[in-house]
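Colleague: One structure, as structure tokens, below. Some questions next.
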Amino acid sequence: MESTKGPERPDGPQTRPLRADAARNITAIMDAAVRCFAEQTQVSMTDIAREAGVGRVTLYGHFPSRERLIEAALERALDDARCVLAAADPDSGPADEALRRLLRSSWSVLDRYRRLFDSAQRELGSTKMREQHDPAMAMVAALIDRGRREGTFRTDLPVDWLVTTVYTLLHAAAEDVNNGRQSAGDVTGLLEATLLQALAPPV
């Protein structure tokens with residue numbers, strides 16, 4: 001049976017369904033925020049309100065701070081990331097090949113949202129950013145753990161440290177592309193070459 005529950009409010013659990021116009025405004029604001037932050041890091045609340053076709057009063061009524069809006073946009077991007085990573089089917093095939101698929105999928109999402117992630121890093125801080133990524137990184141942890149059992153990945157270092165290595169290098173790659181030090185088209189090959197070697201059992 002289809003749920004009659006309305007859209008969730010951006011500031012926390014709802015107590016009653018949103019009006020249709022409020023739900024439309026929230027969707028428009030979120031769409032605009034993701035677009036704007038994906039294109040450039042320096043975006044004002046006024047820019048987002050204009051892009052969404054709503055007034056500043058409406059924008060602040062749903063998202064009372066820039067931090068809350070960035071956090072909501074990040075949540076949407078990470079929901080997208082989880083879907084993309086799941087579609088890479090990390091549970092199938094040899095662990096090293098599954099990792100290649102996961103890295104390609106991870107970079108496709110990270111490249112799409114790398115400016116948004118850059119803004120979120122500055123606004124929310126590294127601790128909250130990592131917490132927000134934990135559900136997606138759980139897929140990486142499960143894959144590394146499987147690879148260790150198969151003898152494909154090293155067992156002399158903790159799984160959590162290896163996950164941190166993957167997470168850190170992915171975001172370092174995004175920073176390098178944002179700063180013009182690397183080409184986005186080259187990153188997948190760089191990630192695969194570096195991380196597969198880093199995770200391989202020591203000789």
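Labels for the structure tokens follow display order: chains A, B, ..., residues from 1 in each chain, ligands from 1.
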Run DSSP on the backbone and grab whatever in stretch 33-188 of chain A lands in alpha helix (DSSP H); send it over as a ChimeraX atom specification.
Modeller: /A:33-39,45-52,56-62,66-87,95-124,126-150,159-178,184-188
Colleague: Put those residues in a file: C-alpha atoms, as a CSV table (one decimal), in the first residue's frame.
Modeller:
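In the end it all went to out-v1.csv:
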```csv
chain,number,residue,atom,x,y,z
A,33,ALA,CA,21.4,23.8,-4.3
A,34,VAL,CA,22.8,20.7,-5.8
A,35,ARG,CA,23.2,22.3,-9.2
A,36,CYS,CA,24.7,25.5,-7.9
A,37,PHE,CA,27.2,23.8,-5.5
A,38,ALA,CA,28.1,21.3,-8.2
A,39,GLU,CA,29.1,24.1,-10.5
A,45,MET,CA,21.8,31.8,-0.4
A,46,THR,CA,20.5,34.6,-2.7
A,47,ASP,CA,22.0,32.8,-5.7
A,48,ILE,CA,20.2,29.5,-4.7
A,49,ALA,CA,16.9,31.3,-4.1
A,50,ARG,CA,17.1,32.9,-7.5
A,51,GLU,CA,18.0,29.6,-9.2
A,52,ALA,CA,15.1,27.8,-7.4
A,56,ARG,CA,14.8,34.5,0.4
A,57,VAL,CA,12.1,34.4,3.0
A,58,THR,CA,10.9,31.1,1.6
A,59,LEU,CA,14.4,29.7,1.4
A,60,TYR,CA,15.2,30.6,5.0
A,61,GLY,CA,11.9,29.3,6.1
A,62,HIS,CA,12.9,25.8,5.0
A,66,ARG,CA,23.7,27.9,4.7
A,67,GLU,CA,25.2,25.0,6.7
A,68,ARG,CA,21.8,23.3,6.9
A,69,LEU,CA,21.3,23.7,3.2
A,70,ILE,CA,24.7,22.3,2.3
A,71,GLU,CA,24.2,19.4,4.7
A,72,ALA,CA,20.9,18.6,3.0
A,73,ALA,CA,22.5,18.8,-0.5
A,74,LEU,CA,25.3,16.6,0.7
A,75,GLU,CA,22.8,14.0,2.0
A,76,ARG,CA,21.1,14.0,-1.4
A,77,ALA,CA,24.4,13.5,-3.2
A,78,LEU,CA,25.4,10.7,-0.9
A,79,ASP,CA,22.0,9.0,-1.4
A,80,ASP,CA,22.9,9.1,-5.1
A,81,ALA,CA,26.4,7.7,-4.4
A,82,ARG,CA,25.0,4.8,-2.4
A,83,CYS,CA,22.7,3.8,-5.3
A,84,VAL,CA,25.6,4.1,-7.8
A,85,LEU,CA,27.9,2.0,-5.6
A,86,ALA,CA,25.3,-0.7,-5.1
A,87,ALA,CA,24.8,-0.9,-8.8
A,95,ALA,CA,37.6,-8.7,-4.9
A,96,ASP,CA,40.2,-6.8,-6.9
A,97,GLU,CA,38.0,-6.6,-9.9
A,98,ALA,CA,35.1,-5.6,-7.7
A,99,LEU,CA,37.3,-2.8,-6.2
A,100,ARG,CA,38.1,-1.5,-9.7
A,101,ARG,CA,34.3,-1.3,-10.4
A,102,LEU,CA,33.7,0.4,-7.1
A,103,LEU,CA,36.5,3.0,-7.7
A,104,ARG,CA,35.2,3.8,-11.2
A,105,SER,CA,31.6,4.2,-9.8
A,106,SER,CA,32.9,6.2,-6.8
A,107,TRP,CA,34.8,8.6,-9.0
A,108,SER,CA,31.9,9.1,-11.4
A,109,VAL,CA,29.8,10.3,-8.5
A,110,LEU,CA,32.6,12.3,-6.7
A,111,ASP,CA,33.5,14.0,-10.0
A,112,ARG,CA,29.9,15.1,-10.5
A,113,TYR,CA,29.7,16.5,-7.0
A,114,ARG,CA,33.3,17.4,-6.2
A,115,ARG,CA,32.6,21.2,-5.8
A,116,LEU,CA,29.7,20.4,-3.5
A,117,PHE,CA,31.9,18.1,-1.4
A,118,ASP,CA,34.5,20.9,-1.3
A,119,SER,CA,31.9,23.3,0.1
A,120,ALA,CA,30.6,20.8,2.5
A,121,GLN,CA,34.2,20.0,3.8
A,122,ARG,CA,34.7,23.7,4.5
A,123,GLU,CA,31.3,24.3,6.0
A,124,LEU,CA,30.7,21.1,8.0
A,126,SER,CA,36.1,16.8,8.3
A,127,THR,CA,34.5,14.9,11.2
A,128,LYS,CA,30.9,15.4,10.0
A,129,MET,CA,31.9,14.8,6.4
A,130,ARG,CA,33.4,11.4,7.3
A,131,GLU,CA,30.3,10.5,9.3
A,132,GLN,CA,28.1,11.4,6.4
A,133,HIS,CA,30.2,9.1,4.1
A,134,ASP,CA,30.2,6.2,6.6
A,135,PRO,CA,27.2,4.3,5.0
A,136,ALA,CA,28.9,4.4,1.5
A,137,MET,CA,32.3,3.5,3.0
A,138,ALA,CA,30.7,0.5,4.7
A,139,MET,CA,30.5,-1.0,1.2
A,140,VAL,CA,34.2,-0.5,0.8
A,141,ALA,CA,34.9,-2.0,4.2
A,142,ALA,CA,32.8,-5.1,3.3
A,143,LEU,CA,34.7,-5.5,0.0
A,144,ILE,CA,38.1,-5.1,1.7
A,145,ASP,CA,37.1,-7.7,4.3
A,146,ARG,CA,36.1,-10.1,1.6
A,147,GLY,CA,39.3,-9.5,-0.3
A,148,ARG,CA,41.3,-10.3,2.9
A,149,ARG,CA,39.5,-13.6,3.3
A,150,GLU,CA,40.2,-14.4,-0.4
A,159,VAL,CA,40.4,-2.7,7.7
A,160,ASP,CA,39.4,0.7,9.1
A,161,TRP,CA,42.8,2.1,8.1
A,162,LEU,CA,42.5,0.7,4.6
A,163,VAL,CA,39.0,2.2,4.3
A,164,THR,CA,40.4,5.5,5.4
A,165,THR,CA,43.1,5.2,2.8
A,166,VAL,CA,40.5,4.8,0.1
A,167,TYR,CA,38.3,7.6,1.4
A,168,THR,CA,41.2,10.0,1.7
A,169,LEU,CA,42.7,9.3,-1.7
A,170,LEU,CA,39.3,9.7,-3.4
A,171,HIS,CA,38.8,13.2,-1.9
A,172,ALA,CA,42.4,14.1,-2.5
A,173,ALA,CA,41.9,13.3,-6.1
A,174,ALA,CA,38.8,15.6,-6.2
A,175,GLU,CA,40.8,18.4,-4.6
A,176,ASP,CA,43.6,18.0,-7.2
A,177,VAL,CA,41.1,18.2,-10.0
A,178,ASN,CA,39.4,21.3,-8.5
A,184,ALA,CA,39.3,14.4,-14.2
A,185,GLY,CA,39.7,11.9,-17.1
A,186,ASP,CA,43.0,10.6,-15.6
A,187,VAL,CA,41.8,10.1,-12.1
A,188,THR,CA,40.2,6.6,-12.4
```
Colleague: I'd like the neighbourhood of A:Arg24 as a ChimeraX atom specification, where a residue qualifies if any of its atoms comes within 12 Å (using only C-alpha atoms), though same-chain residues fewer than 2 positions away should be ignored.
Modeller: /A:6-7,9,18-22,26-31,52-54,58-59,62
Colleague: Between atom CA of A:Val203 and atom CA of A:Asp91, what is the spacing in Å?
Modeller: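 It comes out at 26.0 Å.
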Colleague: Would you work out the distance separating atom CA of A:Asn179 from atom CA of A:Thr41, expressed in Å to one decimal?
Modeller: 12.0 Å
Colleague: Would you compute the distance between atom CA of A:Ala198 and atom CA of A:Pro94? Give it in Å to one decimal.
Modeller: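 So the answer is 16.9 Å.
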